[in-house]
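S.K.: Contents of my_file.cif (mmCIF, N, CA and C atoms) are below:
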data_run
loop_
_atom_site.label_atom_id
_atom_site.label_comp_id
_atom_site.auth_asym_id
_atom_site.auth_seq_id
_atom_site.Cartn_x
_atom_site.Cartn_y
_atom_site.Cartn_z
N MET M 1 53.23 -0.01 58.80
CA MET M 1 53.15 -1.38 58.32
C MET M 1 53.02 -1.35 56.81
N HIS M 2 53.80 -2.18 56.18
CA HIS M 2 53.79 -2.27 54.72
C HIS M 2 53.66 -3.75 54.35
N VAL M 3 52.86 -4.05 53.34
CA VAL M 3 52.68 -5.43 52.87
C VAL M 3 53.08 -5.50 51.41
N GLU M 4 53.95 -6.45 51.09
CA GLU M 4 54.37 -6.68 49.71
C GLU M 4 53.99 -8.10 49.31
N LYS M 5 53.77 -8.28 48.01
CA LYS M 5 53.39 -9.59 47.49
C LYS M 5 54.35 -9.99 46.38
N TYR M 6 54.75 -11.26 46.39
CA TYR M 6 55.49 -11.83 45.27
C TYR M 6 55.19 -13.32 45.20
N MET M 7 55.50 -13.90 44.08
CA MET M 7 55.26 -15.33 43.88
C MET M 7 56.56 -16.10 44.06
N ARG M 8 56.48 -17.22 44.70
CA ARG M 8 57.60 -18.15 44.83
C ARG M 8 57.07 -19.47 44.31
N GLY M 9 57.23 -19.72 43.02
CA GLY M 9 56.61 -20.86 42.38
C GLY M 9 55.11 -20.65 42.39
N ALA M 10 54.38 -21.62 42.92
CA ALA M 10 52.92 -21.54 42.98
C ALA M 10 52.42 -20.93 44.29
N VAL M 11 53.34 -20.47 45.14
CA VAL M 11 52.98 -19.93 46.46
C VAL M 11 53.02 -18.41 46.42
N THR M 12 51.94 -17.79 46.89
CA THR M 12 51.90 -16.34 47.06
C THR M 12 52.55 -16.01 48.39
N VAL M 13 53.60 -15.21 48.35
CA VAL M 13 54.29 -14.79 49.58
C VAL M 13 53.89 -13.36 49.88
N LEU M 14 53.35 -13.15 51.07
CA LEU M 14 52.98 -11.82 51.53
C LEU M 14 53.95 -11.43 52.64
N VAL M 15 54.73 -10.38 52.40
CA VAL M 15 55.76 -9.94 53.32
C VAL M 15 55.23 -8.75 54.12
N LEU M 16 55.24 -8.88 55.43
CA LEU M 16 54.84 -7.78 56.30
C LEU M 16 56.11 -7.11 56.81
N LYS M 17 56.11 -5.77 56.80
CA LYS M 17 57.28 -5.01 57.24
C LYS M 17 56.84 -3.94 58.23
N GLY M 18 57.52 -3.89 59.37
CA GLY M 18 57.23 -2.87 60.37
C GLY M 18 56.62 -3.47 61.61
N GLU M 19 55.92 -2.64 62.36
CA GLU M 19 55.26 -3.08 63.58
C GLU M 19 53.81 -3.42 63.29
N LEU M 20 53.36 -4.53 63.85
CA LEU M 20 51.97 -4.96 63.69
C LEU M 20 51.30 -4.80 65.05
N ASP M 21 50.71 -3.63 65.24
CA ASP M 21 50.13 -3.29 66.53
C ASP M 21 48.78 -2.60 66.34
N SER M 22 48.25 -2.03 67.40
CA SER M 22 46.92 -1.42 67.31
C SER M 22 46.89 -0.24 66.35
N VAL M 23 48.01 0.42 66.14
CA VAL M 23 48.06 1.56 65.23
C VAL M 23 48.03 1.09 63.77
N THR M 24 48.68 -0.03 63.48
CA THR M 24 48.82 -0.49 62.10
C THR M 24 47.91 -1.67 61.75
N ALA M 25 47.19 -2.20 62.71
CA ALA M 25 46.41 -3.42 62.50
C ALA M 25 45.37 -3.27 61.38
N ALA M 26 44.63 -2.20 61.38
CA ALA M 26 43.58 -2.03 60.35
C ALA M 26 44.19 -1.94 58.96
N GLU M 27 45.26 -1.19 58.82
CA GLU M 27 45.94 -1.06 57.53
C GLU M 27 46.51 -2.41 57.08
N ALA M 28 47.12 -3.14 58.00
CA ALA M 28 47.68 -4.45 57.67
C ALA M 28 46.58 -5.42 57.27
N HIS M 29 45.48 -5.41 58.01
CA HIS M 29 44.37 -6.29 57.70
C HIS M 29 43.83 -6.02 56.30
N THR M 30 43.60 -4.76 55.99
CA THR M 30 43.11 -4.39 54.67
C THR M 30 44.09 -4.82 53.58
N GLY M 31 45.37 -4.53 53.79
CA GLY M 31 46.38 -4.90 52.81
C GLY M 31 46.46 -6.39 52.58
N LEU M 32 46.41 -7.16 53.65
CA LEU M 32 46.47 -8.62 53.52
C LEU M 32 45.23 -9.17 52.84
N MET M 33 44.06 -8.66 53.20
CA MET M 33 42.82 -9.14 52.58
C MET M 33 42.79 -8.81 51.08
N ASP M 34 43.30 -7.63 50.74
CA ASP M 34 43.34 -7.24 49.32
C ASP M 34 44.26 -8.15 48.51
N LEU M 35 45.31 -8.66 49.14
CA LEU M 35 46.31 -9.46 48.43
C LEU M 35 46.10 -10.96 48.56
N LEU M 36 45.17 -11.37 49.41
CA LEU M 36 44.91 -12.80 49.61
C LEU M 36 44.23 -13.38 48.38
N PRO M 37 44.87 -14.36 47.74
CA PRO M 37 44.27 -14.91 46.52
C PRO M 37 43.05 -15.78 46.82
N VAL M 38 42.27 -16.02 45.80
CA VAL M 38 41.09 -16.87 45.93
C VAL M 38 41.50 -18.35 45.97
N GLY M 39 42.55 -18.69 45.27
CA GLY M 39 43.05 -20.07 45.26
C GLY M 39 44.54 -20.08 45.46
N GLY M 40 45.10 -21.27 45.47
CA GLY M 40 46.54 -21.39 45.65
C GLY M 40 46.93 -21.55 47.10
N ARG M 41 48.18 -21.24 47.39
CA ARG M 41 48.72 -21.34 48.74
C ARG M 41 49.38 -20.02 49.10
N VAL M 42 49.37 -19.70 50.39
CA VAL M 42 49.88 -18.41 50.85
C VAL M 42 50.85 -18.61 52.01
N LEU M 43 51.95 -17.86 51.93
CA LEU M 43 52.92 -17.82 53.01
C LEU M 43 53.03 -16.39 53.50
N LEU M 44 52.80 -16.18 54.79
CA LEU M 44 53.00 -14.87 55.40
C LEU M 44 54.41 -14.82 55.94
N ASP M 45 55.23 -13.94 55.38
CA ASP M 45 56.61 -13.77 55.81
C ASP M 45 56.65 -12.67 56.86
N LEU M 46 56.93 -13.04 58.10
CA LEU M 46 56.95 -12.09 59.22
C LEU M 46 58.37 -11.73 59.63
N SER M 47 59.35 -12.11 58.83
CA SER M 47 60.75 -11.90 59.22
C SER M 47 61.13 -10.43 59.32
N GLU M 48 60.35 -9.54 58.72
CA GLU M 48 60.65 -8.11 58.80
C GLU M 48 59.68 -7.36 59.71
N VAL M 49 58.97 -8.12 60.55
CA VAL M 49 58.07 -7.52 61.54
C VAL M 49 58.86 -7.36 62.84
N SER M 50 58.94 -6.12 63.30
CA SER M 50 59.75 -5.84 64.50
C SER M 50 58.97 -6.03 65.80
N TYR M 51 57.64 -6.03 65.71
CA TYR M 51 56.82 -6.15 66.92
C TYR M 51 55.42 -6.61 66.52
N ILE M 52 54.84 -7.51 67.32
CA ILE M 52 53.46 -7.93 67.10
C ILE M 52 52.72 -7.83 68.44
N SER M 53 51.68 -7.03 68.48
CA SER M 53 50.86 -6.89 69.68
C SER M 53 49.67 -7.85 69.59
N SER M 54 48.82 -7.81 70.59
CA SER M 54 47.61 -8.63 70.55
C SER M 54 46.72 -8.23 69.38
N ALA M 55 46.71 -6.95 69.03
CA ALA M 55 45.93 -6.51 67.86
C ALA M 55 46.51 -7.11 66.58
N GLY M 56 47.82 -7.24 66.53
CA GLY M 56 48.47 -7.86 65.39
C GLY M 56 48.17 -9.35 65.30
N LEU M 57 48.14 -10.01 66.45
CA LEU M 57 47.78 -11.43 66.47
C LEU M 57 46.35 -11.63 65.98
N ARG M 58 45.48 -10.70 66.33
CA ARG M 58 44.09 -10.76 65.86
C ARG M 58 44.04 -10.66 64.34
N VAL M 59 44.86 -9.79 63.76
CA VAL M 59 44.92 -9.67 62.30
C VAL M 59 45.33 -11.00 61.68
N LEU M 60 46.34 -11.63 62.25
CA LEU M 60 46.78 -12.92 61.72
C LEU M 60 45.67 -13.96 61.81
N LEU M 61 44.93 -13.95 62.91
CA LEU M 61 43.82 -14.88 63.07
C LEU M 61 42.72 -14.61 62.04
N LEU M 62 42.41 -13.35 61.78
CA LEU M 62 41.40 -13.01 60.78
C LEU M 62 41.84 -13.43 59.37
N VAL M 63 43.11 -13.24 59.07
CA VAL M 63 43.63 -13.67 57.77
C VAL M 63 43.55 -15.19 57.66
N TYR M 64 43.90 -15.88 58.74
CA TYR M 64 43.82 -17.34 58.76
C TYR M 64 42.38 -17.80 58.49
N ARG M 65 41.43 -17.18 59.14
CA ARG M 65 40.02 -17.56 58.96
C ARG M 65 39.55 -17.31 57.52
N GLU M 66 39.95 -16.18 56.96
CA GLU M 66 39.57 -15.87 55.59
C GLU M 66 40.22 -16.85 54.61
N ALA M 67 41.46 -17.20 54.86
CA ALA M 67 42.13 -18.17 54.00
C ALA M 67 41.42 -19.52 54.07
N ARG M 68 41.05 -19.94 55.25
CA ARG M 68 40.31 -21.21 55.39
C ARG M 68 38.99 -21.13 54.66
N HIS M 69 38.31 -20.00 54.76
CA HIS M 69 37.03 -19.80 54.08
C HIS M 69 37.20 -19.94 52.57
N LYS M 70 38.33 -19.46 52.06
CA LYS M 70 38.63 -19.54 50.62
C LYS M 70 39.32 -20.85 50.24
N ASP M 71 39.49 -21.74 51.23
CA ASP M 71 40.17 -23.02 51.02
C ASP M 71 41.60 -22.81 50.51
N VAL M 72 42.28 -21.85 51.10
CA VAL M 72 43.66 -21.51 50.75
C VAL M 72 44.57 -21.91 51.91
N PRO M 73 45.47 -22.89 51.70
CA PRO M 73 46.42 -23.24 52.76
C PRO M 73 47.31 -22.03 53.08
N LEU M 74 47.56 -21.82 54.36
CA LEU M 74 48.30 -20.66 54.83
C LEU M 74 49.39 -21.10 55.79
N ALA M 75 50.58 -20.54 55.64
CA ALA M 75 51.69 -20.82 56.55
C ALA M 75 52.35 -19.52 56.96
N LEU M 76 53.11 -19.57 58.04
CA LEU M 76 53.87 -18.43 58.53
C LEU M 76 55.35 -18.75 58.44
N ALA M 77 56.15 -17.75 58.11
CA ALA M 77 57.61 -17.91 58.11
C ALA M 77 58.23 -16.72 58.84
N GLY M 78 59.36 -16.96 59.48
CA GLY M 78 60.10 -15.89 60.12
C GLY M 78 59.39 -15.23 61.27
N VAL M 79 58.64 -16.00 62.04
CA VAL M 79 57.92 -15.43 63.19
C VAL M 79 58.95 -14.93 64.21
N PRO M 80 58.88 -13.64 64.59
CA PRO M 80 59.83 -13.12 65.57
C PRO M 80 59.79 -13.93 66.87
N ALA M 81 60.94 -14.08 67.51
CA ALA M 81 61.07 -14.92 68.71
C ALA M 81 60.07 -14.56 69.80
N GLU M 82 59.93 -13.27 70.10
CA GLU M 82 58.99 -12.85 71.15
C GLU M 82 57.56 -13.23 70.80
N ALA M 83 57.18 -13.02 69.56
CA ALA M 83 55.83 -13.36 69.11
C ALA M 83 55.63 -14.86 69.13
N ARG M 84 56.65 -15.61 68.77
CA ARG M 84 56.55 -17.07 68.75
C ARG M 84 56.26 -17.61 70.15
N VAL M 85 56.90 -17.02 71.16
CA VAL M 85 56.67 -17.46 72.54
C VAL M 85 55.22 -17.23 72.94
N VAL M 86 54.69 -16.04 72.66
CA VAL M 86 53.31 -15.72 73.01
C VAL M 86 52.35 -16.59 72.21
N MET M 87 52.60 -16.74 70.92
CA MET M 87 51.73 -17.53 70.06
C MET M 87 51.73 -18.99 70.47
N SER M 88 52.86 -19.48 70.91
CA SER M 88 52.95 -20.87 71.35
C SER M 88 52.21 -21.07 72.67
N ALA M 89 52.41 -20.15 73.61
CA ALA M 89 51.78 -20.26 74.93
C ALA M 89 50.26 -20.20 74.84
N THR M 90 49.74 -19.47 73.86
CA THR M 90 48.29 -19.32 73.74
C THR M 90 47.67 -20.38 72.82
N GLY M 91 48.50 -21.22 72.22
CA GLY M 91 48.00 -22.24 71.31
C GLY M 91 47.76 -21.72 69.91
N PHE M 92 48.08 -20.46 69.70
CA PHE M 92 47.85 -19.80 68.43
C PHE M 92 48.68 -20.44 67.30
N LEU M 93 49.89 -20.87 67.61
CA LEU M 93 50.75 -21.47 66.58
C LEU M 93 50.21 -22.80 66.08
N ASP M 94 49.39 -23.46 66.89
CA ASP M 94 48.85 -24.76 66.49
C ASP M 94 47.96 -24.66 65.25
N ALA M 95 47.43 -23.49 64.97
CA ALA M 95 46.55 -23.31 63.81
C ALA M 95 47.33 -23.19 62.51
N PHE M 96 48.61 -22.89 62.60
CA PHE M 96 49.41 -22.59 61.43
C PHE M 96 50.50 -23.62 61.17
N VAL M 97 50.87 -23.76 59.90
CA VAL M 97 52.14 -24.37 59.54
C VAL M 97 53.15 -23.27 59.75
N VAL M 98 54.22 -23.53 60.51
CA VAL M 98 55.20 -22.50 60.84
C VAL M 98 56.57 -22.96 60.37
N ALA M 99 57.27 -22.07 59.68
CA ALA M 99 58.61 -22.36 59.18
C ALA M 99 59.55 -21.24 59.59
N ASP M 100 60.82 -21.57 59.67
CA ASP M 100 61.81 -20.56 60.02
C ASP M 100 62.10 -19.62 58.86
N THR M 101 62.09 -20.14 57.62
CA THR M 101 62.44 -19.34 56.45
C THR M 101 61.35 -19.43 55.39
N VAL M 102 61.40 -18.53 54.44
CA VAL M 102 60.46 -18.56 53.32
C VAL M 102 60.62 -19.86 52.54
N ALA M 103 61.86 -20.24 52.29
CA ALA M 103 62.10 -21.48 51.52
C ALA M 103 61.48 -22.69 52.22
N GLU M 104 61.65 -22.78 53.53
CA GLU M 104 61.05 -23.89 54.28
C GLU M 104 59.53 -23.81 54.27
N GLY M 105 58.98 -22.61 54.34
CA GLY M 105 57.53 -22.43 54.31
C GLY M 105 56.94 -22.84 52.95
N VAL M 106 57.62 -22.45 51.88
CA VAL M 106 57.17 -22.83 50.54
C VAL M 106 57.21 -24.34 50.40
N GLU M 107 58.28 -24.95 50.91
CA GLU M 107 58.39 -26.41 50.84
C GLU M 107 57.28 -27.07 51.64
N ALA M 108 56.99 -26.56 52.84
CA ALA M 108 55.94 -27.15 53.68
C ALA M 108 54.58 -27.02 53.02
N LEU M 109 54.32 -25.93 52.34
CA LEU M 109 53.03 -25.74 51.67
C LEU M 109 52.91 -26.64 50.44
N GLY M 110 54.03 -27.08 49.91
CA GLY M 110 54.01 -27.95 48.74
C GLY M 110 53.68 -29.38 49.06
N ARG M 111 53.65 -29.74 50.31
CA ARG M 111 53.37 -31.11 50.72
C ARG M 111 51.91 -31.42 50.68
#
Show me, as structure tokens, the structure contained in the file I just sent.
M.R.:
Amino acid sequence: MHVEKYMRGAVTVLVLKGELDSVTAAEAHTGLMDLLPVGGRVLLDLSEVSYISSAGLRVLLLVYREARHKDVPLALAGVPAEARVVMSATGFLDAFVVADTVAEGVEALGR
């Protein structure tokens, strides 16, 4: 699992690459927490994530909670189809603003 950060206007985009599972969850969590800004808005780009396990979903939930604690709006973009089905069925998607693309996610966070 690899995490990259770049700015898209005033939005911090954090790109996750690889599998987000029990093997990579701790590394991904640390990487995301290290890159999560204190202010502003954040978009997690999951378009390059090939697999998300329950451990990966837990990481996303922990990042969401930390972002809320810091009063940082958080959105997801490019959620893989399989993960979207599981996240929707469990109500997990209801906690997030979800967009198909980074551009749509940035626009949604600007509202």
S.K.: For the structure provided, state which residues fall under the PyMOL selection byres (((chain M and resi 52-59 and name CA) around 7) and name CA), and present them as a VMD selection string.
M.R.: chain M and resid 19 to 22 25 29 51 60 to 63 83
S.K.: Please provide the set of residues having any atom within 8 Å of Leu109 in chain M, restricted to only C-alpha atoms, with same-chain residues fewer than 5 positions apart removed, written as a ChimeraX atom specification.
M.R.: /M:11,41,73-75
S.K.: Can you translate the PyMOL selection byres ((chain M and resi 76) around 6) into the concrete residues it hits in this file, as number ranges by chain?
M.R.: M: 43-46, 74-75, 77-79, 96-99, 105
S.K.: What is the atom N of Val15 in chain M-CA of Ala89 in chain M distance in Å, reported with one decimal?
M.R.: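 It comes out at 24.8 Å.
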S.K.: By how many Å are CA of Gly39 in chain M and CA of Gly91 in chain M apart?
M.R.: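 Atom-to-atom, CA of Gly39 in chain M to CA of Gly91 in chain M, that is 26.6 Å.
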S.K.: What is the distance between CA of Leu32 in chain M and CA of Leu14 in chain M, in Å to one decimal?
M.R.: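 CA of Leu14 in chain M lies 7.5 Å from CA of Leu32 in chain M.
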S.K.: Near Lys70 in chain M, within 8 Å and counting all atoms listed in the file, which residues show up once chain neighbours fewer than 5 positions away are dropped, as a VMD selection string?
M.R.: chain M and resid 37 to 40 64 to 65
S.K.: Could you rebuild range 27-50 of chain M with N, CA, C and O atoms and give it back as a compact mmCIF listing (two decimals), keeping the file's coordinate frame?
M.R.:
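For reference, rebuild_10.txt as written:
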# COMPACT_ATOMS: atom_id res chain seq x y z
N GLU M 27 45.26 -1.19 58.82
CA GLU M 27 45.94 -1.06 57.53
C GLU M 27 46.51 -2.41 57.08
O GLU M 27 46.38 -2.79 55.92
N ALA M 28 47.12 -3.14 58.00
CA ALA M 28 47.68 -4.45 57.67
C ALA M 28 46.58 -5.42 57.27
O ALA M 28 46.72 -6.17 56.30
N HIS M 29 45.48 -5.41 58.01
CA HIS M 29 44.37 -6.29 57.70
C HIS M 29 43.83 -6.02 56.30
O HIS M 29 43.64 -6.95 55.51
N THR M 30 43.60 -4.76 55.99
CA THR M 30 43.11 -4.39 54.67
C THR M 30 44.09 -4.82 53.58
O THR M 30 43.70 -5.40 52.57
N GLY M 31 45.37 -4.53 53.79
CA GLY M 31 46.38 -4.90 52.81
C GLY M 31 46.46 -6.39 52.58
O GLY M 31 46.54 -6.85 51.44
N LEU M 32 46.41 -7.16 53.65
CA LEU M 32 46.47 -8.62 53.52
C LEU M 32 45.23 -9.17 52.84
O LEU M 32 45.32 -10.04 51.98
N MET M 33 44.06 -8.66 53.20
CA MET M 33 42.82 -9.14 52.58
C MET M 33 42.79 -8.81 51.08
O MET M 33 42.34 -9.62 50.28
N ASP M 34 43.30 -7.63 50.74
CA ASP M 34 43.34 -7.24 49.32
C ASP M 34 44.26 -8.15 48.51
O ASP M 34 44.03 -8.37 47.32
N LEU M 35 45.31 -8.66 49.14
CA LEU M 35 46.31 -9.46 48.43
C LEU M 35 46.10 -10.96 48.56
O LEU M 35 46.76 -11.75 47.89
N LEU M 36 45.17 -11.37 49.41
CA LEU M 36 44.91 -12.80 49.61
C LEU M 36 44.23 -13.38 48.38
O LEU M 36 43.16 -12.93 48.00
N PRO M 37 44.87 -14.36 47.74
CA PRO M 37 44.27 -14.91 46.52
C PRO M 37 43.05 -15.78 46.82
O PRO M 37 42.85 -16.22 47.95
N VAL M 38 42.27 -16.02 45.80
CA VAL M 38 41.09 -16.87 45.93
C VAL M 38 41.50 -18.35 45.97
O VAL M 38 40.90 -19.15 46.64
N GLY M 39 42.55 -18.69 45.27
CA GLY M 39 43.05 -20.07 45.26
C GLY M 39 44.54 -20.08 45.46
O GLY M 39 45.17 -19.05 45.62
N GLY M 40 45.10 -21.27 45.47
CA GLY M 40 46.54 -21.39 45.65
C GLY M 40 46.93 -21.55 47.10
O GLY M 40 46.12 -21.93 47.94
N ARG M 41 48.18 -21.24 47.39
CA ARG M 41 48.72 -21.34 48.74
C ARG M 41 49.38 -20.02 49.10
O ARG M 41 49.91 -19.33 48.24
N VAL M 42 49.37 -19.70 50.39
CA VAL M 42 49.88 -18.41 50.85
C VAL M 42 50.85 -18.61 52.01
O VAL M 42 50.59 -19.38 52.93
N LEU M 43 51.95 -17.86 51.93
CA LEU M 43 52.92 -17.82 53.01
C LEU M 43 53.03 -16.39 53.50
O LEU M 43 53.28 -15.47 52.71
N LEU M 44 52.80 -16.18 54.79
CA LEU M 44 53.00 -14.87 55.40
C LEU M 44 54.41 -14.82 55.94
O LEU M 44 54.77 -15.59 56.84
N ASP M 45 55.23 -13.94 55.38
CA ASP M 45 56.61 -13.77 55.81
C ASP M 45 56.65 -12.67 56.86
O ASP M 45 56.43 -11.49 56.55
N LEU M 46 56.93 -13.04 58.10
CA LEU M 46 56.95 -12.09 59.22
C LEU M 46 58.37 -11.73 59.63
O LEU M 46 58.57 -11.09 60.66
N SER M 47 59.35 -12.11 58.83
CA SER M 47 60.75 -11.90 59.22
C SER M 47 61.13 -10.43 59.32
O SER M 47 62.12 -10.09 59.98
N GLU M 48 60.35 -9.54 58.72
CA GLU M 48 60.65 -8.11 58.80
C GLU M 48 59.68 -7.36 59.71
O GLU M 48 59.58 -6.14 59.67
N VAL M 49 58.97 -8.12 60.55
CA VAL M 49 58.07 -7.52 61.54
C VAL M 49 58.86 -7.36 62.84
O VAL M 49 59.39 -8.32 63.38
N SER M 50 58.94 -6.12 63.30
CA SER M 50 59.75 -5.84 64.50
C SER M 50 58.97 -6.03 65.80
O SER M 50 59.57 -6.19 66.87
